[in-house]
file start-v3.cif (mmCIF, C-alpha atoms)
data_structure
#
loop_
_atom_site.label_atom_id
_atom_site.label_comp_id
_atom_site.auth_asym_id
_atom_site.auth_seq_id
_atom_site.Cartn_x
_atom_site.Cartn_y
_atom_site.Cartn_z
CA MET M 24 -57.89 -34.56 -3.96
CA ARG M 25 -55.49 -34.11 -6.87
CA SER M 26 -52.18 -32.43 -6.18
CA ARG M 27 -51.66 -29.11 -7.90
CA ARG M 28 -49.47 -29.36 -11.02
CA PRO M 29 -47.55 -26.56 -12.63
CA SER M 30 -49.74 -24.96 -15.22
CA SER M 31 -47.04 -25.36 -17.88
CA ASP M 32 -43.47 -26.51 -18.39
CA ALA M 33 -42.42 -22.90 -18.67
CA ASP M 34 -43.68 -22.21 -15.16
CA LEU M 35 -41.84 -25.28 -13.85
CA VAL M 36 -38.59 -24.11 -15.39
CA GLY M 37 -39.27 -20.65 -14.06
CA LEU M 38 -39.85 -21.98 -10.57
CA VAL M 39 -36.52 -23.84 -10.62
CA ALA M 40 -34.71 -20.84 -12.01
CA LEU M 41 -36.24 -18.63 -9.35
CA LEU M 42 -34.30 -20.60 -6.78
CA LEU M 43 -31.02 -20.19 -8.61
CA ALA M 44 -28.58 -17.83 -7.03
CA SER M 45 -25.46 -16.63 -8.74
CA CYS M 46 -22.21 -15.65 -7.03
CA THR M 47 -19.36 -13.61 -8.44
CA THR M 48 -15.90 -12.95 -7.08
CA ILE M 49 -13.60 -10.29 -8.49
CA ASP M 50 -10.00 -9.96 -7.42
CA LEU M 51 -7.70 -7.14 -8.42
CA ARG M 52 -4.01 -6.99 -7.58
CA VAL M 53 -2.02 -3.79 -8.21
CA ASP M 54 1.73 -4.07 -7.74
CA ASP M 55 3.57 -6.61 -5.64
CA SER M 56 3.17 -6.84 -1.92
CA ILE M 57 5.59 -4.79 0.18
CA GLU M 58 7.73 -6.99 2.39
CA ALA M 59 7.74 -5.77 5.98
CA GLU M 60 11.11 -7.41 6.63
CA THR M 61 12.71 -5.35 3.88
CA ILE M 62 11.26 -2.13 5.30
CA GLU M 63 12.47 -2.98 8.79
CA ALA M 64 15.96 -3.83 7.55
CA LEU M 65 16.23 -0.55 5.65
CA ALA M 66 14.94 1.44 8.61
CA ALA M 67 17.41 -0.24 10.94
CA SER M 68 20.36 0.21 8.62
CA GLY M 69 19.74 3.91 7.96
CA GLY M 70 20.93 3.41 4.41
CA THR M 71 21.01 5.56 1.31
CA LEU M 72 18.92 6.08 -1.78
CA GLU M 73 20.94 3.40 -3.53
CA ASP M 74 20.12 0.87 -0.79
CA VAL M 75 16.41 1.59 -1.07
CA LEU M 76 16.38 1.43 -4.87
CA THR M 77 18.31 -1.83 -4.80
CA ALA M 78 15.95 -3.40 -2.28
CA MET M 79 12.65 -1.96 -3.45
CA GLY M 80 13.12 -1.04 -7.10
CA PRO M 81 11.58 2.07 -8.66
CA PRO M 82 8.83 3.68 -6.53
CA ARG M 83 5.25 4.49 -7.44
CA LEU M 84 5.71 8.19 -6.72
CA VAL M 85 8.55 10.64 -6.23
CA GLY M 86 7.98 13.82 -4.29
CA ARG M 87 9.83 16.83 -3.01
CA LEU M 88 9.50 17.96 0.58
CA GLY M 89 11.54 21.10 1.05
CA ASP M 90 15.11 20.07 0.40
CA GLU M 91 14.20 16.44 1.05
CA THR M 92 13.02 13.83 -1.43
CA THR M 93 10.36 11.21 -0.78
CA LEU M 94 9.73 7.86 -2.44
CA LEU M 95 6.34 6.20 -2.05
CA TYR M 96 5.67 2.50 -2.62
CA GLU M 97 2.16 1.12 -2.66
CA SER M 98 0.41 -2.21 -3.09
CA ILE M 99 -3.32 -2.90 -3.38
CA GLU M 100 -5.28 -6.14 -3.37
CA LEU M 101 -8.99 -5.69 -3.92
CA HIS M 102 -11.55 -8.41 -3.22
CA GLU M 103 -15.15 -8.11 -4.25
CA ASN M 104 -17.91 -10.63 -3.64
CA GLN M 105 -21.34 -10.50 -5.18
CA PHE M 106 -24.53 -12.44 -4.80
CA GLY M 107 -27.27 -12.30 -7.37
CA LEU M 108 -30.66 -13.75 -7.94
CA GLY M 109 -32.51 -13.48 -11.19
CA LEU M 110 -34.31 -15.05 -14.07
CA ASP M 111 -32.82 -13.19 -16.96
CA TYR M 112 -31.55 -16.31 -18.66
CA VAL M 113 -34.93 -17.96 -18.68
CA THR M 114 -37.17 -17.36 -21.61
CA GLY M 115 -40.87 -17.90 -21.73
CA VAL M 116 -41.50 -16.50 -18.27
CA GLY M 117 -41.87 -12.88 -19.14
CA HIS M 118 -43.60 -12.00 -15.90
CA PHE M 119 -40.41 -12.90 -13.98
CA ASN M 120 -37.97 -11.06 -16.21
CA LEU M 121 -38.00 -7.95 -14.07
CA LEU M 122 -36.74 -9.77 -11.01
CA LYS M 123 -33.01 -9.37 -10.38
CA LEU M 124 -31.35 -8.87 -7.08
CA SER M 125 -27.67 -8.04 -6.65
CA LEU M 126 -25.73 -7.67 -3.44
CA GLY M 127 -22.03 -6.89 -3.22
CA GLU M 128 -19.31 -6.10 -0.76
CA SER M 129 -15.73 -5.13 -1.31
CA ARG M 130 -12.60 -4.63 0.72
CA ALA M 131 -9.02 -3.80 -0.15
CA GLU M 132 -5.81 -4.89 1.52
CA ARG M 133 -3.49 -1.93 1.16
CA GLU M 134 0.17 -1.46 1.94
CA ALA M 135 2.27 1.68 1.68
CA ALA M 136 5.85 2.60 2.51
CA LEU M 137 7.36 6.07 2.48
CA PHE M 138 11.08 6.85 2.45
CA LEU M 139 12.55 10.30 3.10
CA PHE M 140 16.03 11.34 2.03
CA ASP M 141 18.07 14.42 2.77
CA SER M 142 19.95 16.41 0.16
CA GLU M 143 22.88 13.97 0.45
CA TRP M 144 20.55 11.05 -0.32
CA ARG M 145 20.81 9.67 3.19
CA LEU M 146 17.71 7.94 4.52
CA THR M 147 16.23 10.22 7.16
CA GLY M 148 12.84 8.61 7.71
CA VAL M 149 10.84 5.49 6.98
CA ALA M 150 7.14 4.91 7.49
CA SER M 151 5.08 1.93 6.48
CA THR M 152 1.56 0.83 7.10
CA ALA M 153 -0.81 -1.96 6.10
CA TRP M 154 -4.54 -1.70 6.49
CA ASP M 155 -7.83 -3.15 5.34
CA GLU M 156 -10.04 -0.66 3.60
CA ASP M 157 -13.74 -1.42 3.69
CA PHE M 158 -15.42 -0.25 0.52
CA GLY M 159 -18.79 -1.04 1.95
CA ARG M 160 -21.72 -2.99 0.71
CA SER M 161 -24.31 -2.29 -1.89
CA GLY M 162 -27.40 -3.90 -3.28
CA GLY M 163 -29.96 -3.30 -5.90
CA VAL M 164 -32.52 -4.67 -8.23
CA GLN M 165 -31.35 -4.89 -11.80
CA LEU M 166 -32.44 -6.16 -15.16
CA VAL M 167 -29.18 -7.60 -16.38
CA VAL M 168 -26.90 -10.17 -14.84
CA THR M 169 -23.47 -8.62 -14.63
CA ILE M 170 -20.07 -9.27 -13.18
CA ASP M 171 -19.19 -5.61 -13.16
CA ASP M 172 -18.46 -3.94 -9.88
CA VAL M 173 -21.38 -2.97 -7.75
CA VAL M 174 -19.25 -1.03 -5.30
CA ASP M 175 -17.24 2.04 -6.13
CA SER M 176 -13.58 1.10 -6.46
CA THR M 177 -12.75 3.56 -9.22
CA ALA M 178 -10.24 5.34 -7.02
CA LEU M 179 -8.15 2.17 -6.87
CA ARG M 180 -8.60 1.37 -10.53
CA ALA M 181 -7.60 4.78 -11.81
CA SER M 182 -4.44 4.61 -13.85
CA PRO M 183 -1.46 6.70 -12.83
CA TRP M 184 -1.79 10.21 -14.13
CA GLU M 185 1.69 9.92 -15.62
CA LEU M 186 0.11 7.78 -18.33
CA ASP M 187 -2.23 10.61 -19.34
CA TRP M 188 0.53 12.88 -20.50
CA GLY M 189 -0.41 12.51 -24.18
CA ALA M 190 -3.75 14.17 -23.52
CA TRP M 191 -1.99 17.49 -23.10
CA LEU M 192 -0.45 17.37 -26.54
CA LEU M 193 -3.74 18.52 -28.02
CA VAL M 194 -4.23 21.35 -25.58
CA THR M 195 -2.92 24.79 -26.38
CA SER M 196 -0.09 25.94 -24.18
CA GLU M 197 -2.22 28.81 -22.94
CA GLU M 198 -4.98 26.48 -21.85
CA ALA M 199 -2.54 23.97 -20.39
CA THR M 200 -0.95 26.75 -18.37
CA ARG M 201 -4.34 27.96 -17.17
CA LEU M 202 -5.41 24.46 -16.17
CA SER M 203 -2.22 23.52 -14.44
CA ASN M 204 -2.01 23.86 -10.70
CA ARG M 205 0.93 25.10 -8.73
CA PRO M 206 3.56 23.81 -8.52
CA HIS M 207 2.90 21.62 -11.56
CA THR M 208 3.55 22.72 -15.11
CA TYR M 209 2.76 20.95 -18.33
CA LEU M 210 5.21 21.25 -21.16
CA ARG M 211 4.78 19.38 -24.42
CA GLY M 212 2.77 16.69 -22.68
CA THR M 213 5.32 15.93 -20.02
CA ARG M 214 4.34 16.80 -16.51
CA ILE M 215 7.09 18.60 -14.69
CA VAL M 216 6.59 18.35 -10.98
CA GLY M 217 8.13 20.97 -8.77
CA ALA M 218 8.88 23.35 -11.64
CA TYR M 219 7.93 26.98 -11.47
CA GLU M 220 4.51 27.94 -12.68
CA ILE M 221 4.32 29.78 -15.98
CA ASP M 222 1.95 32.66 -15.58
CA GLY M 223 0.38 34.86 -18.20
CA MET F 1 -47.21 -42.22 -27.16
CA SER F 2 -49.88 -41.11 -24.66
CA ALA F 3 -50.43 -37.45 -23.79
CA ARG F 4 -49.15 -38.14 -20.25
CA GLY F 5 -45.93 -39.72 -21.54
CA HIS F 6 -45.49 -36.86 -23.99
CA GLY F 7 -45.74 -34.30 -21.17
CA ARG F 8 -43.16 -36.16 -19.05
CA GLY F 9 -40.80 -36.25 -22.04
CA ARG F 10 -41.09 -32.50 -22.48
CA ARG F 11 -40.33 -31.93 -18.81
CA ILE F 12 -37.27 -34.18 -19.00
CA ALA F 13 -36.09 -32.33 -22.10
CA GLY F 14 -36.63 -29.03 -20.32
CA GLY F 15 -34.70 -30.28 -17.31
CA LEU F 16 -31.83 -31.46 -19.49
CA ALA F 17 -31.74 -28.11 -21.29
CA LEU F 18 -31.59 -26.31 -17.95
CA PHE F 19 -28.86 -28.66 -16.69
CA ALA F 20 -26.82 -28.07 -19.84
CA ALA F 21 -27.21 -24.32 -19.41
CA LEU F 22 -25.92 -24.56 -15.86
CA LEU F 23 -22.79 -26.30 -17.05
CA CYS F 24 -22.18 -24.00 -19.99
CA PRO F 25 -19.05 -22.01 -19.22
CA ALA F 26 -17.77 -18.86 -20.81
CA CYS F 27 -14.29 -17.43 -20.44
CA ILE F 28 -12.85 -13.95 -20.15
CA ASN F 29 -9.31 -13.18 -21.13
CA GLY F 30 -8.17 -9.58 -21.25
CA ARG F 31 -4.87 -7.85 -21.71
CA ALA F 32 -3.95 -4.20 -22.04
CA GLU F 33 -0.85 -2.05 -21.94
CA ARG F 34 -0.55 1.68 -21.36
CA GLY F 35 2.40 3.96 -21.27
CA LEU F 36 5.81 3.73 -22.82
CA GLU F 37 7.35 0.75 -24.49
CA PRO F 38 9.57 -0.72 -21.75
CA VAL F 39 12.84 -0.42 -23.67
CA TRP F 40 14.60 0.06 -20.32
CA GLU F 41 14.17 -3.67 -19.65
CA SER F 42 16.75 -4.43 -22.35
CA VAL F 43 19.25 -1.75 -21.40
CA ASP F 44 22.82 -2.95 -21.05
CA PRO F 45 23.98 -1.84 -17.56
CA SER F 46 27.33 -0.82 -19.06
CA ASP F 47 25.49 1.89 -21.05
CA LEU F 48 24.60 3.70 -17.84
CA VAL F 49 27.46 4.72 -15.59
CA VAL F 50 26.73 6.53 -12.35
CA GLY F 51 28.72 9.76 -12.19
CA THR F 52 29.44 9.76 -15.92
CA SER F 53 26.21 9.28 -17.86
CA THR F 54 24.11 12.39 -18.35
CA ARG F 55 20.46 13.28 -18.88
CA ALA F 56 21.15 13.42 -22.62
CA ASP F 57 22.55 9.88 -22.54
CA VAL F 58 19.40 8.59 -20.84
CA LEU F 59 17.16 10.46 -23.29
CA ASP F 60 19.12 9.03 -26.22
CA LEU F 61 18.84 5.56 -24.78
CA LEU F 62 15.22 5.54 -23.61
CA GLY F 63 13.49 8.48 -25.22
CA VAL F 64 10.98 10.84 -23.61
CA PRO F 65 10.12 9.88 -20.01
CA SER F 66 6.64 9.59 -18.55
CA GLN F 67 7.43 12.19 -15.95
CA VAL F 68 10.11 14.72 -15.15
CA VAL F 69 10.52 15.69 -11.52
CA ALA F 70 12.44 18.77 -10.50
CA LEU F 71 14.17 18.30 -7.17
CA ASP F 72 15.93 20.83 -4.99
CA GLY F 73 19.37 19.53 -5.95
CA GLY F 74 18.76 17.81 -9.25
CA SER F 75 16.08 16.12 -11.28
CA VAL F 76 14.44 12.77 -11.93
CA PHE F 77 13.34 11.01 -15.10
CA TYR F 78 10.55 8.52 -14.51
CA TYR F 79 9.54 5.90 -17.08
CA LEU F 80 6.34 3.90 -16.65
CA GLN F 81 4.34 1.22 -18.36
CA GLU F 82 1.14 -0.35 -17.09
CA HIS F 83 0.41 -3.94 -18.01
CA MET F 84 -2.97 -5.45 -17.16
CA GLU F 85 -4.07 -9.04 -17.52
CA SER F 86 -7.44 -10.43 -16.58
CA THR F 87 -8.90 -13.88 -16.67
CA GLY F 88 -12.30 -15.09 -15.68
CA VAL F 89 -14.97 -17.68 -16.00
CA ILE F 90 -18.69 -17.10 -16.32
CA LEU F 91 -21.07 -19.82 -15.24
CA LEU F 92 -24.70 -19.46 -14.51
CA LEU F 93 -24.24 -20.03 -10.82
CA TYR F 94 -20.75 -18.74 -10.27
CA ASN F 95 -18.65 -16.09 -11.98
CA SER F 96 -15.09 -15.15 -11.25
CA ARG F 97 -12.63 -12.61 -12.54
CA GLU F 98 -9.03 -12.05 -11.58
CA GLU F 99 -7.20 -8.93 -12.65
CA ARG F 100 -3.49 -8.29 -12.27
CA VAL F 101 -1.96 -4.88 -12.86
CA LYS F 102 1.81 -4.74 -13.08
CA TYR F 103 3.88 -1.62 -13.45
CA THR F 104 7.23 -1.68 -15.13
CA ARG F 105 9.24 1.34 -14.05
CA ALA F 106 12.61 2.93 -14.44
CA ILE F 107 13.81 5.91 -12.44
CA PHE F 108 16.94 8.01 -12.94
CA PHE F 109 18.26 10.63 -10.53
CA PHE F 110 20.53 13.44 -11.76
CA ASP F 111 22.50 16.09 -9.92
CA VAL F 112 22.36 19.78 -10.76
CA GLN F 113 24.97 19.25 -13.49
CA GLY F 114 22.72 16.62 -15.08
CA ARG F 115 24.97 13.69 -14.23
CA LEU F 116 23.40 10.37 -13.28
CA THR F 117 23.65 9.76 -9.53
CA HIS F 118 21.27 6.82 -8.96
CA TYR F 119 18.93 4.68 -10.97
CA ALA F 120 16.68 1.64 -10.65
CA ILE F 121 14.84 -0.47 -13.16
CA THR F 122 12.06 -2.98 -12.52
CA PRO F 123 13.53 -6.39 -13.40
CA ALA F 124 12.01 -8.03 -16.47
CA GLU F 125 9.94 -11.11 -15.70
#

call {"tool": "encode", "arguments": {"input": "start-v3.cif", "output": "structure tokens"}}
result
Amino acid sequence: MRSRRPSSDADLVGLVALLLASCTTIDLRVDDSIEAETIEALAASGGTLEDVLTAMGPPRLVGRLGDETTLLYESIELHENQFGLGLDYVTGVGHFNLLKLSLGESRAEREAALFLFDSEWRLTGVASTAWDEDFGRSGGVQLVVTIDDVVDSTALRASPWELDWGAWLLVTSEEATRLSNRPHTYLRGTRIVGAYEIDG
Amino acid sequence: MSARGHGRGRRIAGGLALFAALLCPACINGRAERGLEPVWESVDPSDLVVGTSTRADVLDLLGVPSQVVALDGGSVFYYLQEHMESTGVILLLYNSREERVKYTRAIFFFDVQGRLTHYAITPAE
């Protein structure tokens, strides 16, 4: 009995390509890692705003808490792994072109440190935490091979809203005032946090 | 050449073409900046004196800040630039992309009289 041969070269190539799996890794690093030793030393010393700024540099966020001031530092490292299977690169095997499988999973290593200061700029509180955030897994059948994210990490990739200040230059002051939320006020594109709301 | 030999030659050529495609790399290289020009990186420290310099001095030196924060006993000017770099390689079997987002910041604290009380600047790399 004769062994069965592929009906054509195209089918042979298609059969080989069917077995091909493609992997993708995506790594995103936002800001430098926060050193736990530095946090512990500052907490133990009970220093001042100057000590914290010298050791940590400018923070990611500044906030007001009553008559106290808070500085927030944050670091994010996102890892995403994908696995794909498909035949999109192979021509001449049109009946396989619709086959594309993508699986992905993502996790983020996050660090945050919060410093509280009294009205005399003395350090009154320090909190820090590091945690792994599981962004979950996702899968799907697609037509196009892609290295774009298949899990939703947009919250981590969003740019700081301070960089969007120019958008308000084209908004009328009346509309900007209506859209602003207490206690934030927009004035000539610069966001003033903690200022009094302008009503009317 | 016989028909059998011709068919084997086509299969070998097909295999070579597939092998070449597997080894064909492509590269990604991206770069983007958002925010203010980081002029604060080149500021001479002697231009900013704690207790003497004022909000006006900082504005003259660095221009409009990214954010103004009103505190209970003073105010803060916050300057920010985002710098993103990405590199990657695309192969048929393996793709990889690395993205690095760095923020260059400068922060200035003022008392109620508008005098500089503290400041910090991200060191230039």

call {"tool": "closest_residue", "arguments": {"input": "start-v3.cif", "among": "M:Asp90, M:Glu73, M:Glu103, M:Glu60", "to": "Arg130 of chain M", "atoms": "all atoms listed in the file"}}
result
M:Glu103

call {"tool": "atom_distance", "arguments": {"input": "start-v3.cif", "atom1": "atom CA of Asp44 of chain F", "atom2": "atom CA of Leu61 of chain F"}}
result
10.1 Å

call {"tool": "residues_around", "arguments": {"input": "start-v3.cif", "residues": "segment 103-108 of chain F", "least_positions_apart": "2", "cutoff": "9 Å", "atoms": "all atoms listed in the file", "output": "PyMOL selection string"}}
result
(chain M and resi 53-54+80-83) or (chain F and resi 38+40-41+55+58+75-84+101+110+116-124)

call {"tool": "axis_aligned_box", "arguments": {"input": "start-v3.cif", "around": "segment 90-109 of chain M", "padding_each_side": "6 Å", "output": "JSON"}}
result
{"center_x": -8.7, "center_y": 3.2, "center_z": -5.1, "size_x": 59.6, "size_y": 45.8, "size_z": 24.2}

call {"tool": "resolve_selection", "arguments": {"input": "start-v3.cif", "expression": "the PyMOL selection byres ((chain F) within 6 of (chain M))", "output": "list in words"}}
result
Gly35, Ser66, Gln67, Val68, Val69, Ala70, Asp72, Leu93, Tyr94, Asn95, Ser96, Arg97, Glu98, Glu99, Arg100, Val101, Lys102, Arg105, Ala106, Ile107, Ala120 and Thr122 of chain F

call {"tool": "write_last_selection", "arguments": {"input": "start-v3.cif", "atoms": "C-alpha atoms", "output": "mmCIF file, in the coordinates of the input"}}
result
data_model
loop_
_atom_site.group_PDB
_atom_site.id
_atom_site.type_symbol
_atom_site.label_atom_id
_atom_site.label_comp_id
_atom_site.auth_asym_id
_atom_site.auth_seq_id
_atom_site.Cartn_x
_atom_site.Cartn_y
_atom_site.Cartn_z
ATOM 1 C CA GLY F 35 2.400 3.960 -21.270
ATOM 2 C CA SER F 66 6.640 9.590 -18.550
ATOM 3 C CA GLN F 67 7.430 12.190 -15.950
ATOM 4 C CA VAL F 68 10.110 14.720 -15.150
ATOM 5 C CA VAL F 69 10.520 15.690 -11.520
ATOM 6 C CA ALA F 70 12.440 18.770 -10.500
ATOM 7 C CA ASP F 72 15.930 20.830 -4.990
ATOM 8 C CA LEU F 93 -24.240 -20.030 -10.820
ATOM 9 C CA TYR F 94 -20.750 -18.740 -10.270
ATOM 10 C CA ASN F 95 -18.650 -16.090 -11.980
ATOM 11 C CA SER F 96 -15.090 -15.150 -11.250
ATOM 12 C CA ARG F 97 -12.630 -12.610 -12.540
ATOM 13 C CA GLU F 98 -9.030 -12.050 -11.580
ATOM 14 C CA GLU F 99 -7.200 -8.930 -12.650
ATOM 15 C CA ARG F 100 -3.490 -8.290 -12.270
ATOM 16 C CA VAL F 101 -1.960 -4.880 -12.860
ATOM 17 C CA LYS F 102 1.810 -4.740 -13.080
ATOM 18 C CA ARG F 105 9.240 1.340 -14.050
ATOM 19 C CA ALA F 106 12.610 2.930 -14.440
ATOM 20 C CA ILE F 107 13.810 5.910 -12.440
ATOM 21 C CA ALA F 120 16.680 1.640 -10.650
ATOM 22 C CA THR F 122 12.060 -2.980 -12.520
#

call {"tool": "atom_distance", "arguments": {"input": "start-v3.cif", "atom1": "atom CA of Ala153 of chain M", "atom2": "atom CA of Tyr96 of chain M"}}
result
11.7 Å

call {"tool": "residues_near_point", "arguments": {"input": "start-v3.cif", "point": "(23.8, 15.2, -14.0)", "cutoff": "8 Å", "atoms": "all atoms listed in the file", "output": "PyMOL selection string"}}
result
chain F and resi 51+53-55+74+109-117

call {"tool": "atom_distance", "arguments": {"input": "start-v3.cif", "atom1": "atom CA of Thr147 of chain M", "atom2": "atom CA of Thr93 of chain M"}}
result
9.9 Å

call {"tool": "residues_around", "arguments": {"input": "start-v3.cif", "residues": "Ile28 of chain F", "least_positions_apart": "4", "cutoff": "7 Å", "atoms": "all atoms listed in the file", "output": "PyMOL selection string"}}
result
chain F and resi 87-89

call {"tool": "resolve_selection", "arguments": {"input": "start-v3.cif", "expression": "the PyMOL selection byres ((chain M and resi 64-70) around 7)", "output": "list of chain:residue names"}}
result
M:Glu60, M:Thr61, M:Ile62, M:Glu63, M:Thr71, M:Asp74, M:Arg145, M:Leu146, M:Val149
